[in-house]
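Dropping query33.txt in here (compact mmCIF, C-alpha atoms):
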```txt
# COMPACT_ATOMS: atom_id res chain seq x y z
CA MET Z 21 0.00 0.00 0.00
CA TYR Z 22 1.37 3.42 -0.96
CA ILE Z 23 0.77 6.51 1.13
CA TYR Z 24 0.96 9.83 -0.71
CA ALA Z 25 2.04 12.38 1.84
CA ASP Z 26 0.68 15.41 -0.05
CA VAL Z 27 -2.77 13.85 -0.50
CA LEU Z 28 -2.87 12.73 3.13
CA PHE Z 29 -1.82 16.22 4.24
CA ILE Z 30 -4.54 17.95 2.20
CA ILE Z 31 -7.27 15.53 3.31
CA ASN Z 32 -6.34 16.01 6.97
CA ILE Z 33 -6.33 19.81 6.64
CA MET Z 34 -9.83 19.65 5.15
CA MET Z 35 -11.14 17.29 7.82
CA ASN Z 36 -9.45 19.09 10.71
CA SER Z 37 -10.77 22.47 9.52
CA THR Z 38 -14.28 21.05 9.21
CA ILE Z 39 -14.10 19.54 12.70
CA LEU Z 40 -12.80 22.78 14.25
CA LEU Z 41 -15.42 24.91 12.48
CA LEU Z 42 -18.20 22.59 13.67
CA THR Z 43 -16.69 22.67 17.16
CA ALA Z 44 -16.93 26.46 17.20
CA TRP Z 45 -20.51 26.26 15.90
CA THR Z 46 -21.69 23.74 18.48
CA ALA Z 47 -20.04 25.69 21.32
CA GLY Z 48 -21.50 28.96 20.01
CA ILE Z 49 -18.24 30.93 19.98
CA THR Z 50 -16.56 33.21 17.47
CA TYR Z 51 -13.35 32.23 15.72
CA LYS Z 52 -10.67 33.46 13.34
CA ILE Z 53 -10.30 31.42 10.18
CA TRP Z 54 -6.51 31.76 10.06
CA ARG Z 55 -6.24 30.16 13.50
CA ILE Z 56 -8.48 27.31 12.35
CA ILE Z 57 -6.32 26.69 9.27
CA LEU Z 58 -3.11 26.90 11.32
CA ALA Z 59 -4.39 24.36 13.83
CA ALA Z 60 -5.61 22.10 11.01
CA ALA Z 61 -2.15 22.20 9.38
CA ILE Z 62 -0.44 21.34 12.66
CA GLY Z 63 -2.84 18.44 13.13
CA SER Z 64 -2.04 17.22 9.62
CA CYS Z 65 1.69 17.36 10.36
CA TYR Z 66 1.08 15.26 13.46
CA VAL Z 67 -0.71 12.61 11.39
CA LEU Z 68 2.14 12.50 8.86
CA PHE Z 69 4.80 12.15 11.54
CA SER Z 70 2.84 9.48 13.39
CA MET Z 71 2.52 7.40 10.21
CA LEU Z 72 5.87 7.99 8.54
CA ALA Z 73 8.07 7.99 11.61
CA ASN Z 74 6.34 4.85 12.86
CA SER Z 75 6.70 6.14 16.41
CA ASP Z 76 4.70 4.31 19.05
CA ILE Z 77 4.59 7.29 21.41
CA LEU Z 78 2.82 9.45 18.83
CA ASN Z 79 0.02 6.89 18.56
CA THR Z 80 -0.73 6.61 22.26
CA ALA Z 81 -3.98 7.89 23.76
CA PHE Z 82 -2.01 10.46 25.78
CA ALA Z 83 -0.39 11.88 22.62
CA LYS Z 84 -3.70 12.06 20.80
CA MET Z 85 -5.33 13.83 23.74
CA ALA Z 86 -2.41 16.26 23.94
CA ILE Z 87 -2.62 17.13 20.23
CA SER Z 88 -6.40 17.58 20.53
CA LEU Z 89 -5.89 20.03 23.39
CA LEU Z 90 -3.21 21.85 21.41
CA LEU Z 91 -5.47 22.19 18.35
CA VAL Z 92 -8.30 23.60 20.45
CA LEU Z 93 -5.98 26.10 22.16
CA ILE Z 94 -4.47 27.23 18.85
CA SER Z 95 -7.92 27.61 17.27
CA PHE Z 96 -9.76 29.38 20.07
CA GLY Z 97 -7.22 30.40 22.70
CA TYR Z 98 -7.66 30.02 26.45
CA GLN Z 99 -10.49 31.89 28.16
CA SER Z 100 -11.35 29.74 31.15
CA ARG Z 101 -11.08 26.12 32.24
CA ARG Z 102 -14.83 25.66 31.85
CA LYS Z 103 -14.77 27.03 28.29
CA LEU Z 104 -11.75 24.89 27.43
CA LEU Z 105 -13.48 21.72 28.65
CA LEU Z 106 -16.61 22.66 26.69
CA LEU Z 107 -14.59 23.14 23.50
CA LEU Z 108 -12.63 19.95 24.03
CA GLY Z 109 -15.82 17.97 24.61
CA SER Z 110 -17.43 19.50 21.51
CA PHE Z 111 -14.28 18.68 19.52
CA TYR Z 112 -14.47 14.99 20.43
CA ILE Z 113 -18.24 14.76 19.86
CA VAL Z 114 -17.91 16.30 16.39
CA SER Z 115 -14.89 14.10 15.58
CA PHE Z 116 -16.64 10.89 16.61
CA ILE Z 117 -19.86 11.69 14.73
CA LEU Z 118 -18.04 12.81 11.58
CA GLY Z 119 -15.59 9.90 11.62
CA GLY Z 120 -18.34 7.41 12.37
CA ALA Z 121 -20.46 8.76 9.50
CA ILE Z 122 -17.62 8.34 7.01
CA VAL Z 123 -16.82 4.78 8.14
CA GLY Z 124 -20.52 3.92 8.22
CA TRP Z 125 -20.92 5.23 4.68
CA LEU Z 126 -18.04 3.04 3.54
CA TYR Z 127 -19.49 -0.08 5.15
CA PHE Z 128 -22.97 0.72 3.83
CA TRP Z 129 -21.82 0.80 0.19
CA HIS Z 130 -19.20 -1.94 0.57
CA THR Z 131 -20.39 -4.90 -1.54
CA ASN Z 132 -17.84 -7.55 -0.54
CA HIS Z 133 -19.60 -10.49 1.11
CA HIS Z 134 -16.54 -11.37 3.15
CA MET Z 135 -15.77 -9.69 6.43
CA ASP Z 136 -12.99 -7.20 5.72
CA THR Z 137 -10.78 -5.67 8.33
CA PHE Z 138 -11.16 -2.04 9.32
CA THR Z 139 -7.92 -1.16 7.54
CA THR Z 140 -9.05 -2.89 4.32
CA VAL Z 141 -12.26 -0.88 4.28
CA LEU Z 142 -10.42 2.40 4.89
CA MET Z 143 -8.11 1.61 1.99
CA LYS Z 144 -11.14 1.91 -0.27
CA LEU Z 145 -11.75 5.50 0.88
CA SER Z 146 -12.22 7.66 -2.21
CA TRP Z 147 -12.96 11.34 -2.66
CA GLU Z 148 -16.59 10.44 -3.35
CA ASN Z 149 -16.90 8.42 -0.15
CA LEU Z 150 -15.16 11.16 1.80
CA LEU Z 151 -17.48 13.78 0.34
CA PHE Z 152 -20.73 11.91 0.88
CA GLY Z 153 -19.73 10.42 4.22
CA GLY Z 154 -18.49 13.77 5.47
CA GLY Z 155 -21.66 15.44 4.23
CA LEU Z 156 -23.73 12.89 6.11
CA GLY Z 157 -21.73 13.53 9.27
CA ILE Z 158 -22.11 17.31 8.96
CA PHE Z 159 -25.85 16.91 8.43
CA LEU Z 160 -26.15 14.76 11.55
CA ILE Z 161 -24.12 17.20 13.62
CA VAL Z 162 -26.01 20.27 12.43
CA SER Z 163 -29.48 18.72 12.80
CA ILE Z 164 -29.00 16.76 16.02
CA VAL Z 165 -26.75 19.17 17.90
CA ARG Z 166 -28.84 22.17 16.88
CA SER Z 167 -31.98 20.47 18.22
CA MET Z 168 -30.19 19.68 21.47
CA LEU Z 169 -28.89 23.24 21.85
CA LEU Z 170 -32.23 24.81 21.05
CA GLY Z 171 -33.98 22.47 23.45
CA LYS Z 172 -31.49 23.34 26.19
CA LYS Z 173 -31.80 27.04 25.49
CA HIS Z 174 -35.58 26.86 25.62
CA CYS Z 175 -35.47 24.93 28.89
CA GLN Z 176 -33.20 27.57 30.39
CA ASN Z 177 -35.61 30.33 29.31
CA LEU Z 178 -38.79 28.70 30.62
CA TYR Z 179 -40.41 30.00 33.79
CA GLN Z 180 -43.30 28.66 35.82
CA THR Z 181 -45.76 31.53 35.98
CA THR Z 182 -49.05 32.14 37.77
CA ILE Z 183 -51.57 34.71 36.55
CA GLU Z 184 -54.12 36.06 39.04
CA TYR Z 185 -57.29 37.85 37.97
CA ASN Z 186 -60.64 38.43 39.62
CA GLY Z 187 -59.88 36.02 42.47
CA LYS Z 188 -58.83 33.18 40.15
CA LYS Z 189 -55.42 31.74 39.32
CA VAL Z 190 -53.98 29.84 36.39
CA ASP Z 191 -50.54 28.26 36.18
CA ILE Z 192 -48.69 28.32 32.86
CA THR Z 193 -45.18 27.82 31.55
CA ALA Z 194 -43.90 31.01 29.94
CA MET Z 195 -40.81 31.54 27.83
CA LEU Z 196 -38.58 34.58 27.94
CA ASP Z 197 -38.97 36.29 24.58
CA THR Z 198 -36.02 38.60 24.00
CA GLY Z 199 -37.74 39.90 20.87
CA ASN Z 200 -40.85 40.98 22.78
CA GLY Z 201 -40.71 44.78 22.78
CA LEU Z 202 -44.41 45.39 23.49
CA TYR Z 203 -45.31 48.20 25.90
CA THR Z 204 -48.61 49.85 26.73
CA PRO Z 205 -49.11 53.21 24.96
CA VAL Z 206 -49.92 54.83 28.31
CA GLY Z 207 -47.54 54.27 31.20
CA ARG Z 208 -45.18 52.18 29.07
CA LYS Z 209 -45.71 48.93 30.96
CA PRO Z 210 -44.31 45.67 29.57
CA VAL Z 211 -46.81 43.31 27.99
CA VAL Z 212 -46.93 39.53 28.46
CA ILE Z 213 -48.51 37.52 25.62
CA VAL Z 214 -50.56 34.44 26.60
CA ASP Z 215 -52.57 31.86 24.67
CA GLN Z 216 -56.32 32.43 24.73
CA GLY Z 217 -56.98 28.85 25.86
CA ALA Z 218 -54.62 29.19 28.82
CA LEU Z 219 -56.38 32.36 30.00
CA GLU Z 220 -59.97 31.12 29.81
CA PRO Z 221 -59.96 29.49 33.31
CA ILE Z 222 -59.57 32.91 34.97
CA LEU Z 223 -61.90 34.84 32.66
CA SER Z 224 -65.64 35.16 33.22
CA GLU Z 225 -68.15 33.26 31.15
CA GLY Z 226 -69.12 36.47 29.37
CA VAL Z 227 -65.53 37.16 28.27
CA VAL Z 228 -64.92 33.57 27.14
CA THR Z 229 -68.14 33.58 25.11
CA TYR Z 230 -67.25 36.90 23.51
CA LEU Z 231 -63.73 35.71 22.53
CA ARG Z 232 -65.02 32.44 21.10
CA GLU Z 233 -67.95 33.89 19.16
CA ASN Z 234 -65.90 36.62 17.51
CA SER Z 235 -62.92 36.08 15.23
CA PRO Z 236 -59.67 37.69 16.48
CA ASP Z 237 -59.77 40.39 13.78
CA LEU Z 238 -63.18 41.49 15.14
CA TRP Z 239 -62.28 41.49 18.84
CA LEU Z 240 -61.58 45.23 18.86
CA THR Z 241 -64.43 46.15 16.53
CA ASN Z 242 -67.08 44.25 18.51
CA LEU Z 243 -65.66 44.96 21.96
CA THR Z 244 -68.93 46.51 23.13
CA GLN Z 245 -70.63 43.11 22.73
CA CYS Z 246 -68.80 41.78 25.77
CA THR Z 247 -71.11 41.65 28.80
CA ASP Z 248 -68.37 41.74 31.45
CA ILE Z 249 -68.17 45.47 32.30
CA ARG Z 250 -65.43 44.97 34.92
CA TRP Z 251 -63.19 43.26 32.36
CA LEU Z 252 -63.91 45.95 29.78
CA ASP Z 253 -62.71 48.58 32.24
CA ARG Z 254 -59.38 46.74 32.36
CA THR Z 255 -58.90 46.19 28.64
CA GLN Z 256 -56.22 47.95 26.62
CA ILE Z 257 -55.26 48.01 22.97
CA ILE Z 258 -51.61 47.23 22.28
CA PRO Z 259 -50.19 48.23 18.86
CA TYR Z 260 -47.50 45.97 17.47
CA HIS Z 261 -45.46 45.65 14.30
CA ALA Z 262 -45.12 42.41 12.41
CA ILE Z 263 -43.02 41.83 9.31
CA GLY Z 264 -44.56 44.02 6.63
CA SER Z 265 -47.67 44.88 8.64
CA ARG Z 266 -49.09 46.61 11.69
CA SER Z 267 -51.84 45.35 13.93
CA MET Z 268 -53.42 45.56 17.39
CA LEU Z 269 -53.61 43.14 20.30
CA LEU Z 270 -56.43 42.99 22.82
CA ALA Z 271 -55.06 43.01 26.35
CA PHE Z 272 -56.25 43.39 29.93
CA LYS Z 273 -54.70 44.23 33.28
CA ALA Z 274 -54.33 41.24 35.58
CA ASP Z 275 -54.18 41.53 39.37
CA CYS Z 276 -50.79 39.88 39.71
CA LEU Z 277 -48.17 37.84 37.93
CA LEU Z 278 -46.04 35.37 39.89
CA VAL Z 279 -42.81 34.30 38.20
CA GLU Z 280 -40.82 31.47 39.74
CA SER Z 281 -37.09 32.07 39.58
CA LYS Z 282 -34.34 29.72 40.76
CA SER Z 283 -34.71 30.68 44.41
CA GLU Z 284 -37.74 32.96 44.84
CA LEU Z 285 -41.30 33.56 43.69
CA ILE Z 286 -41.31 37.06 42.26
CA GLU Z 287 -44.54 39.07 42.32
CA VAL Z 288 -45.33 41.58 39.58
CA HIS Z 289 -48.43 43.76 40.06
CA ASP Z 290 -50.65 45.54 37.52
CA VAL Z 291 -49.29 43.37 34.73
CA ILE Z 292 -50.73 43.65 31.22
CA ILE Z 293 -51.74 40.39 29.52
CA ALA Z 294 -52.21 40.34 25.73
CA ILE Z 295 -54.49 37.61 24.36
CA TYR Z 296 -53.14 35.47 21.53
CA ASN Z 297 -55.61 33.43 19.52
CA GLY Z 298 -53.89 30.11 18.96
CA ALA Z 299 -50.85 28.31 20.34
CA LEU Z 300 -47.57 30.15 20.84
CA SER Z 301 -45.69 26.86 21.07
CA GLY Z 302 -46.19 24.20 18.44
CA ASP Z 303 -45.13 21.43 20.84
CA GLY Z 304 -47.07 22.81 23.81
CA LYS Z 305 -44.01 23.47 25.98
CA TYR Z 306 -45.11 27.00 26.86
CA ALA Z 307 -48.25 29.10 26.67
CA GLY Z 308 -46.89 32.59 27.32
CA LEU Z 309 -44.13 34.97 26.26
CA LEU Z 310 -42.54 36.98 29.05
CA HIS Z 311 -41.30 40.48 28.40
CA PRO Z 312 -37.50 40.76 28.92
CA GLN Z 313 -37.95 43.79 31.18
CA ILE Z 314 -39.84 41.65 33.68
CA ILE Z 315 -37.02 39.11 33.79
CA ASN Z 316 -34.39 41.85 34.05
CA GLU Z 317 -36.18 43.32 37.02
CA LEU Z 318 -36.54 39.82 38.43
CA TYR Z 319 -32.76 39.34 38.47
CA LYS Z 320 -32.09 42.85 39.74
CA LYS Z 321 -34.42 42.46 42.69
CA GLU Z 322 -34.11 38.80 43.48
CA GLY Z 323 -36.17 37.98 46.53
CA ALA Z 324 -38.26 41.18 46.39
CA SER Z 325 -41.55 42.20 44.79
CA VAL Z 326 -41.51 44.11 41.53
CA CYS Z 327 -44.26 46.64 41.01
CA ALA Z 328 -44.99 47.90 37.53
```
Spell out the structure here as structure tokens.
Amino acid sequence: MYIYADVLFIINIMMNSTILLLTAWTAGITYKIWRIILAAAIGSCYVLFSMLANSDILNTAFAKMAISLLLVLISFGYQSRRKLLLLLGSFYIVSFILGGAIVGWLYFWHTNHHMDTFTTVLMKLSWENLLFGGGLGIFLIVSIVRSMLLGKKHCQNLYQTTIEYNGKKVDITAMLDTGNGLYTPVGRKPVVIVDQGALEPILSEGVVTYLRENSPDLWLTNLTQCTDIRWLDRTQIIPYHAIGSRSMLLAFKADCLLVESKSELIEVHDVIIAIYNGALSGDGKYAGLLHPQIINELYKKEGASVCA
């Protein structure tokens, strides 16, 4: 078997660069491309020396771990031990998935009925197999890891919330919406958006009937049809901008909003609740969108009440 050093060097630079770029993506950090290429070249040199020099020490687990650490440090620098461990873990996860996808692709399309050794299969690695196997690995990393990261992010931004109105309470899970910039026109109070179905347990029969019998685009026009005078006294109209359009949301002032943080139950009074017709979450994980100002105040005054 002949080993062409230049081909091996180029392939390893491509693979190492891909792994390091995906590592940066999964860890959610910025990077400089020249540092990625430099680290990839050093990693390629290590592979060449380990194969051509036939040195046992370069093929030990300790040496491979040391070179992995060096590549991560060259690519991203040192910020903290926690960040370094995160990057190193992401590096190995990406490497295992990408390498496994390429080997799996080879075995999948291998037509020999006899059981070949791992080395024999790798000898049949072509540019086509490398391209398609690598593409499969990248797809798996991007799709699976992205879902995991988004799920984790959503879990971190979910808060158990209780809405109190007219002597009734309803418990919902609300998500922090950093893009929620809704304020009341008068008093500039932050607005929390909640699914209509989640709010119905605390609303009177007259309000529920009115919301159900009128389409959302007629809620404001037919507002006088609602028979609950007390609720009408608390209603407000919230203007908002969507992509390419402007519209209005029907909202009302609740008695209290209780947001459960990590250590305390934070109480927000005179909160404004906007009614959303439909489901904010397609998978049902949350039924409300918290305004970022409420969460900012929550962290500023941990353990104390926040009055709007």
Separation of CA of Pro236 (chain Z) from CA of Leu309 (chain Z), in Å and rounded to one decimal: 18.6 Å
At most 12 Å from (-11.4, 17.5, 10.7), file frame, only C-alpha atoms: which residues, as a count of residues only? 41
Give me the residues within 8 Å of region 212-215 of chain Z as a list of chain:residue names, counting only C-alpha atoms and dropping any in the same chain fewer than 6 places off. Z:Val291, Z:Ile292, Z:Ile293, Z:Ala294, Z:Ile295, Z:Tyr296, Z:Asn297, Z:Gly298, Z:Ala299, Z:Leu300, Z:Ala307, Z:Gly308, Z:Leu309, Z:Leu310, Z:His311
Atoms kept (C-alpha atoms) for selection, written as a compact mmCIF listing (two decimals), in the frame of the given file:
```txt
# COMPACT_ATOMS: atom_id res chain seq x y z
CA VAL Z 291 -49.29 43.37 34.73
CA ILE Z 292 -50.73 43.65 31.22
CA ILE Z 293 -51.74 40.39 29.52
CA ALA Z 294 -52.21 40.34 25.73
CA ILE Z 295 -54.49 37.61 24.36
CA TYR Z 296 -53.14 35.47 21.53
CA ASN Z 297 -55.61 33.43 19.52
CA GLY Z 298 -53.89 30.11 18.96
CA ALA Z 299 -50.85 28.31 20.34
CA LEU Z 300 -47.57 30.15 20.84
CA ALA Z 307 -48.25 29.10 26.67
CA GLY Z 308 -46.89 32.59 27.32
CA LEU Z 309 -44.13 34.97 26.26
CA LEU Z 310 -42.54 36.98 29.05
CA HIS Z 311 -41.30 40.48 28.40
```
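Going from CA of Ala81 (chain Z) to CA of Phe96 (chain Z) covers 22.6 Å.
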Shell around Asn177 (chain Z) at 9 Å using only C-alpha atoms, local window under 5 positions removed, as a ChimeraX atom specification: /Z:172,194-197
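One distance worth recording is that between CA of Leu240 (chain Z) and CA of Cys276 (chain Z), which is 24.1 Å.
Restricting the calculation to all atoms listed in the file, the smallest distance between Cys246 (chain Z) and any of Z:Ala271, Z:Val228, Z:Ile53, Z:Ala83 is found for Z:Val228.
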Nearest residue to Glu280 (chain Z) from the set Z:Leu105, Z:Ala44, Z:Ile94, Z:Leu178 (distances using all atoms listed in the file): Z:Leu178
Enclose the full set of atoms of region 294-303 of chain Z listed in the file within a box whose edges lie along x, y and z, apply 4 Å of padding to each of the six sides, and report centre and edge lengths in Å to one decimal as JSON.
```
{"center_x": -50.4, "center_y": 30.9, "center_z": 22.1, "size_x": 18.5, "size_y": 26.9, "size_z": 15.3}
```
Can you tell me which residues surround Leu104 (chain Z) at a distance of at most 10 Å, considering all atoms listed in the file, apart from same-chain residues fewer than 6 positions away, and format the answer as a VMD selection string? chain Z and resid 89 92 to 93 96 to 98 110
Using all atoms listed in the file, determine which residues lie at most 7 Å from Asp290 (chain Z), disregarding the query and same-chain residues fewer than 6 positions distant; provide the list as a ChimeraX atom specification. /Z:273-276,328
Which neighbours of Thr241 (chain Z) fall inside 12 Å, counting all atoms listed in the file, when residues of the same chain fewer than 4 positions from it are skipped, and could you give them as a PyMOL selection string? chain Z and resi 230+234-237+245-246+257+268-270
